[in-house]
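**Student:** Just target26.pdb, nothing more (PDB, C-alpha atoms, pLDDT in the B column):
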```
ATOM      1  CA  MET A   1     -14.558 139.104 231.321  1.00 40.00           C
ATOM      2  CA  PRO A   2     -16.499 139.899 228.129  1.00 44.00           C
ATOM      3  CA  ASP A   3     -15.535 142.904 226.082  1.00 46.00           C
ATOM      4  CA  ALA A   4     -17.700 145.998 226.412  1.00 47.00           C
ATOM      5  CA  ALA A   5     -20.231 146.488 223.660  1.00 47.00           C
ATOM      6  CA  PRO A   6     -18.965 148.849 220.965  1.00 52.00           C
ATOM      7  CA  SER A   7     -20.384 152.342 220.853  1.00 61.00           C
ATOM      8  CA  ARG A   8     -23.019 153.067 218.262  1.00 69.00           C
ATOM      9  CA  SER A   9     -22.425 155.312 215.276  1.00 74.00           C
ATOM     10  CA  HIS A  10     -22.987 159.026 215.856  1.00 73.00           C
ATOM     11  CA  LEU A  11     -25.589 158.861 213.093  1.00 75.00           C
ATOM     12  CA  ALA A  12     -27.660 156.187 214.851  1.00 75.00           C
ATOM     13  CA  PRO A  13     -29.906 158.550 216.892  1.00 74.00           C
ATOM     14  CA  PHE A  14     -30.830 160.454 213.730  1.00 77.00           C
ATOM     15  CA  LEU A  15     -32.057 157.226 212.123  1.00 74.00           C
ATOM     16  CA  GLU A  16     -34.236 156.230 215.080  1.00 77.00           C
ATOM     17  CA  GLY A  17     -36.752 159.070 215.253  1.00 75.00           C
ATOM     18  CA  PRO A  18     -37.368 162.820 215.158  1.00 78.00           C
ATOM     19  CA  GLY A  19     -35.922 163.528 218.620  1.00 78.00           C
ATOM     20  CA  PRO A  20     -32.406 164.627 217.551  1.00 84.00           C
ATOM     21  CA  TYR A  21     -33.814 166.875 214.828  1.00 89.00           C
ATOM     22  CA  LEU A  22     -36.107 168.599 217.351  1.00 86.00           C
ATOM     23  CA  VAL A  23     -33.134 169.086 219.689  1.00 86.00           C
ATOM     24  CA  VAL A  24     -31.055 170.684 216.932  1.00 89.00           C
ATOM     25  CA  ALA A  25     -33.976 172.898 215.873  1.00 88.00           C
ATOM     26  CA  ARG A  26     -34.578 174.119 219.439  1.00 87.00           C
ATOM     27  CA  ASN A  27     -30.903 174.862 220.048  1.00 88.00           C
ATOM     28  CA  ALA A  28     -30.759 176.698 216.721  1.00 89.00           C
ATOM     29  CA  ILE A  29     -33.281 179.310 217.902  1.00 88.00           C
ATOM     30  CA  PRO A  30     -30.723 181.590 219.636  1.00 87.00           C
ATOM     31  CA  VAL A  31     -28.346 181.076 216.691  1.00 89.00           C
ATOM     32  CA  ALA A  32     -31.027 182.314 214.287  1.00 89.00           C
ATOM     33  CA  GLY A  33     -31.837 185.142 216.694  1.00 87.00           C
ATOM     34  CA  VAL A  34     -28.239 186.381 216.740  1.00 87.00           C
ATOM     35  CA  TRP A  35     -27.415 185.858 213.050  1.00 89.00           C
ATOM     36  CA  VAL A  36     -30.778 186.763 211.484  1.00 88.00           C
ATOM     37  CA  LEU A  37     -32.607 189.010 213.962  1.00 85.00           C
ATOM     38  CA  GLY A  38     -29.547 190.724 215.414  1.00 86.00           C
ATOM     39  CA  TRP A  39     -30.085 189.666 219.011  1.00 84.00           C
ATOM     40  CA  SER A  40     -27.673 191.089 221.561  1.00 84.00           C
ATOM     41  CA  ALA A  41     -25.347 189.012 223.729  1.00 81.00           C
ATOM     42  CA  PRO A  42     -27.579 189.506 226.838  1.00 83.00           C
ATOM     43  CA  LEU A  43     -30.643 188.291 224.935  1.00 87.00           C
ATOM     44  CA  ALA A  44     -28.761 185.247 223.634  1.00 84.00           C
ATOM     45  CA  ALA A  45     -27.709 184.472 227.217  1.00 83.00           C
ATOM     46  CA  LEU A  46     -31.329 184.815 228.372  1.00 87.00           C
ATOM     47  CA  THR A  47     -32.544 182.239 225.838  1.00 88.00           C
ATOM     48  CA  LEU A  48     -29.823 179.803 226.941  1.00 85.00           C
ATOM     49  CA  TRP A  49     -30.799 180.202 230.587  1.00 87.00           C
ATOM     50  CA  PHE A  50     -34.508 179.888 229.820  1.00 90.00           C
ATOM     51  CA  ASP A  51     -33.988 176.761 227.710  1.00 89.00           C
ATOM     52  CA  GLY A  52     -32.177 174.961 230.540  1.00 88.00           C
ATOM     53  CA  MET A  53     -34.643 176.113 233.172  1.00 89.00           C
ATOM     54  CA  ALA A  54     -37.661 175.168 231.040  1.00 91.00           C
ATOM     55  CA  ALA A  55     -36.179 171.716 230.385  1.00 89.00           C
ATOM     56  CA  LEU A  56     -35.515 171.125 234.081  1.00 89.00           C
ATOM     57  CA  GLY A  57     -38.906 172.420 235.184  1.00 89.00           C
ATOM     58  CA  THR A  58     -40.695 170.208 232.661  1.00 90.00           C
ATOM     59  CA  LEU A  59     -38.606 167.184 233.677  1.00 88.00           C
ATOM     60  CA  CYS A  60     -39.467 167.692 237.356  1.00 87.00           C
ATOM     61  CA  LEU A  61     -43.147 168.061 236.464  1.00 87.00           C
ATOM     62  CA  MET A  62     -43.169 164.859 234.398  1.00 87.00           C
ATOM     63  CA  VAL A  63     -41.367 162.940 237.161  1.00 85.00           C
ATOM     64  CA  MET A  64     -44.039 164.035 239.630  1.00 83.00           C
ATOM     65  CA  ARG A  65     -46.807 163.105 237.178  1.00 84.00           C
ATOM     66  CA  ALA A  66     -45.256 159.682 236.536  1.00 84.00           C
ATOM     67  CA  ARG A  67     -44.937 158.953 240.245  1.00 81.00           C
ATOM     68  CA  LEU A  68     -48.506 160.127 240.776  1.00 81.00           C
ATOM     69  CA  SER A  69     -49.748 157.721 238.080  1.00 78.00           C
ATOM     70  CA  LEU A  70     -48.131 154.827 240.004  1.00 77.00           C
ATOM     71  CA  GLY A  71     -49.661 155.911 243.289  1.00 75.00           C
ATOM     72  CA  LEU A  72     -46.228 156.800 244.697  1.00 63.00           C
ATOM     73  CA  GLU A  73     -47.313 160.348 245.475  1.00 66.00           C
ATOM     74  CA  ALA A  74     -50.473 161.504 247.189  1.00 63.00           C
ATOM     75  CA  ALA A  75     -52.818 163.539 244.978  1.00 65.00           C
ATOM     76  CA  ASN A  76     -52.319 166.602 247.134  1.00 68.00           C
ATOM     77  CA  THR A  77     -51.804 169.790 245.129  1.00 72.00           C
ATOM     78  CA  GLY A  78     -49.921 171.583 247.890  1.00 75.00           C
ATOM     79  CA  ARG A  79     -47.503 168.712 248.505  1.00 76.00           C
ATOM     80  CA  LEU A  80     -46.916 168.167 244.790  1.00 77.00           C
ATOM     81  CA  LEU A  81     -46.212 171.863 244.251  1.00 80.00           C
ATOM     82  CA  ALA A  82     -43.815 171.911 247.217  1.00 83.00           C
ATOM     83  CA  ALA A  83     -41.992 168.827 245.899  1.00 81.00           C
ATOM     84  CA  TRP A  84     -41.767 170.321 242.398  1.00 84.00           C
ATOM     85  CA  LEU A  85     -40.330 173.582 243.764  1.00 86.00           C
ATOM     86  CA  PHE A  86     -37.825 171.664 245.914  1.00 85.00           C
ATOM     87  CA  PHE A  87     -36.519 169.633 242.963  1.00 82.00           C
ATOM     88  CA  LEU A  88     -36.420 172.741 240.775  1.00 85.00           C
ATOM     89  CA  ALA A  89     -34.488 174.655 243.435  1.00 85.00           C
ATOM     90  CA  PHE A  90     -32.000 171.878 244.212  1.00 84.00           C
ATOM     91  CA  PHE A  91     -31.239 170.500 240.753  1.00 80.00           C
ATOM     92  CA  GLY A  92     -31.503 173.968 239.240  1.00 83.00           C
ATOM     93  CA  MET A  93     -28.725 175.472 241.365  1.00 84.00           C
ATOM     94  CA  PRO A  94     -26.396 176.001 238.359  1.00 82.00           C
ATOM     95  CA  TYR A  95     -29.225 177.825 236.566  1.00 85.00           C
ATOM     96  CA  TRP A  96     -30.062 179.965 239.602  1.00 87.00           C
ATOM     97  CA  MET A  97     -26.392 180.912 239.981  1.00 84.00           C
ATOM     98  CA  MET A  98     -26.342 181.802 236.286  1.00 83.00           C
ATOM     99  CA  PHE A  99     -29.523 183.857 236.664  1.00 86.00           C
ATOM    100  CA  LEU A 100     -28.140 185.858 239.592  1.00 86.00           C
ATOM    101  CA  GLY A 101     -24.866 186.466 237.776  1.00 83.00           C
ATOM    102  CA  LEU A 102     -26.575 187.581 234.567  1.00 82.00           C
ATOM    103  CA  ASN A 103     -28.845 190.000 236.433  1.00 85.00           C
ATOM    104  CA  ALA A 104     -26.013 191.427 238.518  1.00 83.00           C
ATOM    105  CA  TRP A 105     -23.314 191.882 235.883  1.00 80.00           C
ATOM    106  CA  PHE A 106     -24.584 191.256 232.373  1.00 81.00           C
ATOM    107  CA  PHE A 107     -28.166 192.391 231.808  1.00 84.00           C
ATOM    108  CA  PRO A 108     -28.408 196.172 231.296  1.00 85.00           C
ATOM    109  CA  LYS A 109     -30.917 198.335 233.129  1.00 85.00           C
ATOM    110  CA  GLY A 110     -34.440 197.872 231.796  1.00 86.00           C
ATOM    111  CA  PHE A 111     -33.466 194.656 230.032  1.00 87.00           C
ATOM    112  CA  TRP A 112     -36.450 192.572 231.174  1.00 88.00           C
ATOM    113  CA  SER A 113     -39.142 195.099 230.307  1.00 87.00           C
ATOM    114  CA  GLU A 114     -37.568 195.758 226.912  1.00 87.00           C
ATOM    115  CA  GLN A 115     -37.241 192.101 225.930  1.00 85.00           C
ATOM    116  CA  LEU A 116     -40.639 190.969 227.180  1.00 84.00           C
ATOM    117  CA  ALA A 117     -42.235 193.780 225.170  1.00 87.00           C
ATOM    118  CA  ASP A 118     -40.727 192.320 221.982  1.00 86.00           C
ATOM    119  CA  PRO A 119     -43.220 189.834 220.474  1.00 88.00           C
ATOM    120  CA  TRP A 120     -40.447 187.954 218.625  1.00 86.00           C
ATOM    121  CA  VAL A 121     -38.638 187.304 221.890  1.00 87.00           C
ATOM    122  CA  VAL A 122     -41.849 186.080 223.541  1.00 90.00           C
ATOM    123  CA  VAL A 123     -42.563 183.790 220.574  1.00 91.00           C
ATOM    124  CA  ALA A 124     -39.010 182.407 220.726  1.00 88.00           C
ATOM    125  CA  LEU A 125     -39.332 181.658 224.459  1.00 91.00           C
ATOM    126  CA  LEU A 126     -42.700 179.960 223.917  1.00 92.00           C
ATOM    127  CA  VAL A 127     -41.247 177.818 221.117  1.00 90.00           C
ATOM    128  CA  ILE A 128     -38.341 176.829 223.387  1.00 89.00           C
ATOM    129  CA  LEU A 129     -40.788 175.916 226.171  1.00 91.00           C
ATOM    130  CA  SER A 130     -42.965 173.921 223.761  1.00 90.00           C
ATOM    131  CA  GLY A 131     -39.923 172.061 222.456  1.00 86.00           C
ATOM    132  CA  ASN A 132     -38.930 171.039 225.964  1.00 86.00           C
ATOM    133  CA  VAL A 133     -42.467 169.888 226.797  1.00 88.00           C
ATOM    134  CA  MET A 134     -42.535 167.777 223.620  1.00 85.00           C
ATOM    135  CA  GLU A 135     -39.152 166.274 224.486  1.00 82.00           C
ATOM    136  CA  GLU A 136     -40.213 165.281 227.991  1.00 82.00           C
ATOM    137  CA  VAL A 137     -43.532 163.828 226.803  1.00 83.00           C
ATOM    138  CA  ARG A 138     -41.632 161.826 224.159  1.00 81.00           C
ATOM    139  CA  ARG A 139     -39.321 160.493 226.881  1.00 78.00           C
ATOM    140  CA  GLY A 140     -42.291 158.523 228.187  1.00 79.00           C
ATOM    141  CA  LEU A 141     -41.809 158.769 231.954  1.00 81.00           C
ATOM    142  CA  VAL A 142     -45.529 158.297 232.512  1.00 81.00           C
ATOM    143  CA  GLY A 143     -46.095 154.570 232.213  1.00 78.00           C
ATOM    144  CA  MET A 144     -42.616 153.530 233.372  1.00 81.00           C
ATOM    145  CA  SER A 145     -41.998 151.478 236.490  1.00 82.00           C
ATOM    146  CA  GLU A 146     -40.691 153.129 239.651  1.00 81.00           C
ATOM    147  CA  ALA A 147     -37.187 151.809 238.883  1.00 80.00           C
ATOM    148  CA  GLY A 148     -37.380 153.145 235.327  1.00 80.00           C
ATOM    149  CA  ILE A 149     -38.457 156.590 236.502  1.00 81.00           C
ATOM    150  CA  ARG A 150     -35.599 156.638 239.009  1.00 82.00           C
ATOM    151  CA  ARG A 151     -32.982 155.613 236.427  1.00 81.00           C
ATOM    152  CA  VAL A 152     -34.112 158.116 233.813  1.00 81.00           C
ATOM    153  CA  SER A 153     -34.523 161.040 236.223  1.00 81.00           C
ATOM    154  CA  GLN A 154     -31.159 160.316 237.856  1.00 81.00           C
ATOM    155  CA  GLY A 155     -29.396 160.442 234.493  1.00 82.00           C
ATOM    156  CA  GLN A 156     -31.274 163.542 233.355  1.00 83.00           C
ATOM    157  CA  PHE A 157     -30.605 165.446 236.579  1.00 83.00           C
ATOM    158  CA  ALA A 158     -26.885 164.642 236.221  1.00 84.00           C
ATOM    159  CA  LEU A 159     -27.009 165.982 232.669  1.00 84.00           C
ATOM    160  CA  HIS A 160     -28.594 169.214 233.888  1.00 84.00           C
ATOM    161  CA  TRP A 161     -25.716 169.780 236.306  1.00 83.00           C
ATOM    162  CA  VAL A 162     -23.288 169.228 233.418  1.00 84.00           C
ATOM    163  CA  ARG A 163     -25.328 171.458 231.116  1.00 83.00           C
ATOM    164  CA  GLY A 164     -25.505 174.268 233.657  1.00 79.00           C
ATOM    165  CA  GLY A 165     -21.767 174.091 234.288  1.00 78.00           C
ATOM    166  CA  ILE A 166     -20.970 174.160 230.559  1.00 77.00           C
ATOM    167  CA  VAL A 167     -23.155 177.203 229.921  1.00 75.00           C
ATOM    168  CA  VAL A 168     -21.780 179.090 232.937  1.00 74.00           C
ATOM    169  CA  LEU A 169     -18.210 178.506 231.720  1.00 72.00           C
ATOM    170  CA  LEU A 170     -19.000 179.419 228.125  1.00 68.00           C
ATOM    171  CA  LEU A 171     -20.868 182.590 229.115  1.00 67.00           C
ATOM    172  CA  ALA A 172     -17.472 184.061 229.958  1.00 66.00           C
ATOM    173  CA  LEU A 173     -16.814 184.091 226.204  1.00 63.00           C
ATOM    174  CA  VAL A 174     -19.976 186.043 225.303  1.00 58.00           C
ATOM    175  CA  PRO A 175     -18.377 189.511 225.218  1.00 57.00           C
ATOM    176  CA  LEU A 176     -15.756 188.285 222.713  1.00 58.00           C
ATOM    177  CA  LYS A 177     -17.853 187.351 219.662  1.00 71.00           C
ATOM    178  CA  VAL A 178     -21.458 186.487 220.378  1.00 70.00           C
ATOM    179  CA  GLN A 179     -21.983 185.342 216.772  1.00 77.00           C
ATOM    180  CA  TYR A 180     -19.449 182.539 217.159  1.00 79.00           C
ATOM    181  CA  PHE A 181     -20.090 181.862 220.830  1.00 80.00           C
ATOM    182  CA  ILE A 182     -23.748 181.074 220.248  1.00 83.00           C
ATOM    183  CA  VAL A 183     -22.885 178.533 217.532  1.00 85.00           C
ATOM    184  CA  VAL A 184     -20.391 176.776 219.843  1.00 84.00           C
ATOM    185  CA  VAL A 185     -22.964 176.609 222.644  1.00 84.00           C
ATOM    186  CA  ALA A 186     -25.683 175.295 220.308  1.00 87.00           C
ATOM    187  CA  ILE A 187     -23.377 172.512 219.116  1.00 89.00           C
ATOM    188  CA  ALA A 188     -22.295 171.635 222.678  1.00 87.00           C
ATOM    189  CA  LEU A 189     -25.853 171.509 224.030  1.00 87.00           C
ATOM    190  CA  SER A 190     -27.120 169.529 221.041  1.00 88.00           C
ATOM    191  CA  TYR A 191     -24.352 166.978 221.560  1.00 87.00           C
ATOM    192  CA  LEU A 192     -25.214 166.729 225.269  1.00 85.00           C
ATOM    193  CA  GLU A 193     -28.880 166.016 224.548  1.00 85.00           C
ATOM    194  CA  ILE A 194     -28.405 163.684 221.584  1.00 86.00           C
ATOM    195  CA  TYR A 195     -25.530 161.699 223.125  1.00 84.00           C
ATOM    196  CA  PRO A 196     -26.236 161.794 226.889  1.00 82.00           C
ATOM    197  CA  ARG A 197     -24.296 158.614 227.731  1.00 80.00           C
ATOM    198  CA  ARG A 198     -21.169 159.839 225.956  1.00 82.00           C
ATOM    199  CA  THR A 199     -21.474 163.200 227.739  1.00 79.00           C
ATOM    200  CA  LEU A 200     -21.782 161.614 231.178  1.00 80.00           C
ATOM    201  CA  ARG A 201     -18.807 159.371 230.421  1.00 80.00           C
ATOM    202  CA  LEU A 202     -16.760 162.422 229.419  1.00 77.00           C
ATOM    203  CA  PHE A 203     -17.421 164.018 232.825  1.00 70.00           C
ATOM    204  CA  GLY A 204     -16.953 160.805 234.797  1.00 74.00           C
ATOM    205  CA  LEU A 205     -20.663 160.455 235.584  1.00 69.00           C
ATOM    206  CA  GLU A 206     -21.521 157.308 233.644  1.00 66.00           C
ATOM    207  CA  HIS A 207     -22.272 155.543 236.938  1.00 64.00           C
ATOM    208  CA  GLU A 208     -25.468 157.632 237.128  1.00 61.00           C
ATOM    209  CA  VAL A 209     -27.027 155.428 234.427  1.00 61.00           C
ATOM    210  CA  ASP A 210     -26.852 151.829 233.218  1.00 59.00           C
ATOM    211  CA  ASP A 211     -27.425 149.918 229.985  1.00 55.00           C
ATOM    212  CA  ASP A 212     -31.145 149.553 230.769  1.00 56.00           C
ATOM    213  CA  THR A 213     -31.777 153.277 231.250  1.00 59.00           C
ATOM    214  CA  PRO A 214     -34.235 154.396 228.527  1.00 55.00           C
ATOM    215  CA  GLY A 215     -32.858 157.119 226.275  1.00 56.00           C
ATOM    216  CA  MET A 216     -29.316 156.724 227.602  1.00 58.00           C
ATOM    217  CA  ARG A 217     -27.735 154.530 224.954  1.00 58.00           C
ATOM    218  CA  ASP A 218     -24.427 155.501 223.344  1.00 56.00           C
TER     219      ASP A 218
END
```
Would you mind giving the structure from this file in structure tokens?

**Tutor:**
Amino acid sequence: MPDAAPSRSHLAPFLEGPGPYLVVARNAIPVAGVWVLGWSAPLAALTLWFDGMAALGTLCLMVMRARLSLGLEAANTGRLLAAWLFFLAFFGMPYWMMFLGLNAWFFPKGFWSEQLADPWVVVALLVILSGNVMEEVRRGLVGMSEAGIRRVSQGQFALHWVRGGIVVLLLALVPLKVQYFIVVVAIALSYLEIYPRRTLRLFGLEHEVDDDTPGMRD
């Protein structure tokens, strides 16, 4: 039996394109918010939740668009919207659990109206959303074969379950020192996005992808 191919250097993704730098920049937004703008722990938690949810929602949308381009889905707005909501609800369960928990026990009264009235918070959320849209467009689902779309989406959905679980566990540390917590989370999420294959292997989910899955190299 041939030996497994050696893992690439951790620096390799940074030499192959701007993707890793965009990931680091997007995950640095809540860090800058806490350290520079004095964001509270609840606001930092909101940006983490929104980042994951925006990434998942954009991924589901691009999967539907890619399948539509291959004629695998009927061009029916109602059916496409229903399918998008189903995928968002099912694969987003960790995020929905996080959202309910944050609203019930962590966000203070009047939190939403206060934060959405802050233009800096709105700008930060829009930048996070834009970053996720750019990332999914760069992934190139539109134009892939049906098998390619399936492989990529399967790996990415598995990563979202891992991501949601990591954030839920780490949110327990928020009340301790938000300044340090947010840095740890930014590093963890950046690693997950830049080294997806290594992350899945760490959690025993490497079977969700194979060597031919685009964007899932070591």

**Student:** For this structure, which residues satisfy the selection - the PyMOL selection byres ((chain A and resi 90) around 12) - when it is evaluated on the file as given? I want them as number ranges by chain.

**Tutor:** A: 56-57, 60, 83-89, 91-97, 157-158, 160-161

**Student:** Let me know the residues the PyMOL selection byres ((chain A and resi 20) around 12) catches in the file above, as a PDB file with C-alpha atoms, keeping the file's coordinate frame.

**Tutor:**
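Wrote it out as expr_17.pdb, contents follow:
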```pdb
ATOM      1  CA  HIS A  10     -22.987 159.026 215.856  1.00 73.00           C
ATOM      2  CA  LEU A  11     -25.589 158.861 213.093  1.00 75.00           C
ATOM      3  CA  ALA A  12     -27.660 156.187 214.851  1.00 75.00           C
ATOM      4  CA  PRO A  13     -29.906 158.550 216.892  1.00 74.00           C
ATOM      5  CA  PHE A  14     -30.830 160.454 213.730  1.00 77.00           C
ATOM      6  CA  LEU A  15     -32.057 157.226 212.123  1.00 74.00           C
ATOM      7  CA  GLU A  16     -34.236 156.230 215.080  1.00 77.00           C
ATOM      8  CA  GLY A  17     -36.752 159.070 215.253  1.00 75.00           C
ATOM      9  CA  PRO A  18     -37.368 162.820 215.158  1.00 78.00           C
ATOM     10  CA  GLY A  19     -35.922 163.528 218.620  1.00 78.00           C
ATOM     11  CA  TYR A  21     -33.814 166.875 214.828  1.00 89.00           C
ATOM     12  CA  LEU A  22     -36.107 168.599 217.351  1.00 86.00           C
ATOM     13  CA  VAL A  23     -33.134 169.086 219.689  1.00 86.00           C
ATOM     14  CA  VAL A  24     -31.055 170.684 216.932  1.00 89.00           C
ATOM     15  CA  ALA A  25     -33.976 172.898 215.873  1.00 88.00           C
ATOM     16  CA  ARG A  26     -34.578 174.119 219.439  1.00 87.00           C
ATOM     17  CA  ASN A  27     -30.903 174.862 220.048  1.00 88.00           C
ATOM     18  CA  GLY A 131     -39.923 172.061 222.456  1.00 86.00           C
ATOM     19  CA  GLU A 135     -39.152 166.274 224.486  1.00 82.00           C
ATOM     20  CA  ARG A 138     -41.632 161.826 224.159  1.00 81.00           C
ATOM     21  CA  LEU A 189     -25.853 171.509 224.030  1.00 87.00           C
ATOM     22  CA  SER A 190     -27.120 169.529 221.041  1.00 88.00           C
ATOM     23  CA  TYR A 191     -24.352 166.978 221.560  1.00 87.00           C
ATOM     24  CA  LEU A 192     -25.214 166.729 225.269  1.00 85.00           C
ATOM     25  CA  GLU A 193     -28.880 166.016 224.548  1.00 85.00           C
ATOM     26  CA  ILE A 194     -28.405 163.684 221.584  1.00 86.00           C
ATOM     27  CA  TYR A 195     -25.530 161.699 223.125  1.00 84.00           C
ATOM     28  CA  PRO A 196     -26.236 161.794 226.889  1.00 82.00           C
ATOM     29  CA  GLY A 215     -32.858 157.119 226.275  1.00 56.00           C
TER      30      GLY A 215
END
```

**Student:** Excluding stretch 124-130 of chain A and residues on its chain fewer than 3 positions from it, collect all residues at most 7 Å away from it, counting all atoms listed in the file, and give them as a ChimeraX atom specification.

**Tutor:** /A:26,47,51,54,120-121,133-134

**Student:** Using only C-alpha atoms, please write the residues we just selected to a file, as a PDB file, in the frame of the given file.

**Tutor:**
```
ATOM      1  CA  ARG A  26     -34.578 174.119 219.439  1.00 87.00           C
ATOM      2  CA  THR A  47     -32.544 182.239 225.838  1.00 88.00           C
ATOM      3  CA  ASP A  51     -33.988 176.761 227.710  1.00 89.00           C
ATOM      4  CA  ALA A  54     -37.661 175.168 231.040  1.00 91.00           C
ATOM      5  CA  TRP A 120     -40.447 187.954 218.625  1.00 86.00           C
ATOM      6  CA  VAL A 121     -38.638 187.304 221.890  1.00 87.00           C
ATOM      7  CA  VAL A 133     -42.467 169.888 226.797  1.00 88.00           C
ATOM      8  CA  MET A 134     -42.535 167.777 223.620  1.00 85.00           C
TER       9      MET A 134
END
```

**Student:** Mind pulling up the distance from atom CA of A:Gly204 to atom CA of A:Pro30?

**Tutor:** 29.2 Å

**Student:** Could you check how far atom CA of A:Lys109 sits from atom CA of A:Val122, in Å to one decimal?

**Tutor:**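 These atoms are spaced 19.0 Å apart.
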
**Student:** Hey, could you pull the box centre and edge lengths for stretch 179-185 of chain A, axis-aligned, 3 Å padding per side, all listed atoms, to one decimal in Å, as AutoDock Vina command-line options?

**Tutor:**
```
--center_x -21.6 --center_y 181.0 --center_z 219.7 --size_x 10.3 --size_y 14.7 --size_z 11.9
```

**Student:** Would you mind listing what lies within 12 Å of A:Leu48 as JSON, numbers by chain, with all atoms listed in the file counted and same-chain residues fewer than 2 positions away left out?

**Tutor:** {"A": [26, 27, 28, 29, 30, 31, 33, 41, 42, 43, 44, 45, 46, 50, 51, 52, 53, 54, 55, 95, 98, 99, 102, 124, 125, 128, 129, 163, 164, 166, 167, 168, 170, 171, 174, 181, 182, 183, 185, 186, 188, 189]}

**Student:** Report, in Å with one decimal, the straight-line distance from atom CA of A:Tyr180 to atom CA of A:Phe106.

**Tutor:** 18.3 Å

**Student:** Using only C-alpha atoms, tabulate the residues of stretch 76-188 of chain A lying at most 9 Å from any atom of stretch 61-71 of chain A, each with its closest atom pair and that distance in Å to one decimal, by chain and increasing residue number, as CSV.

**Tutor:**
```
residue,atom,partner,partner_atom,distance
A:Leu80,CA,A:Met64,CA,7.2
A:Ala83,CA,A:Met64,CA,8.2
A:Trp84,CA,A:Leu61,CA,6.5
A:Glu136,CA,A:Met62,CA,7.1
A:Val137,CA,A:Met62,CA,7.7
A:Gly140,CA,A:Met62,CA,8.9
A:Leu141,CA,A:Ala66,CA,5.8
A:Val142,CA,A:Ala66,CA,4.3
A:Gly143,CA,A:Ala66,CA,6.7
A:Met144,CA,A:Ala66,CA,7.4
A:Ser145,CA,A:Leu70,CA,7.8
A:Glu146,CA,A:Arg67,CA,7.2
A:Ile149,CA,A:Val63,CA,7.0
A:Arg150,CA,A:Val63,CA,8.7
A:Ser153,CA,A:Val63,CA,7.2
```
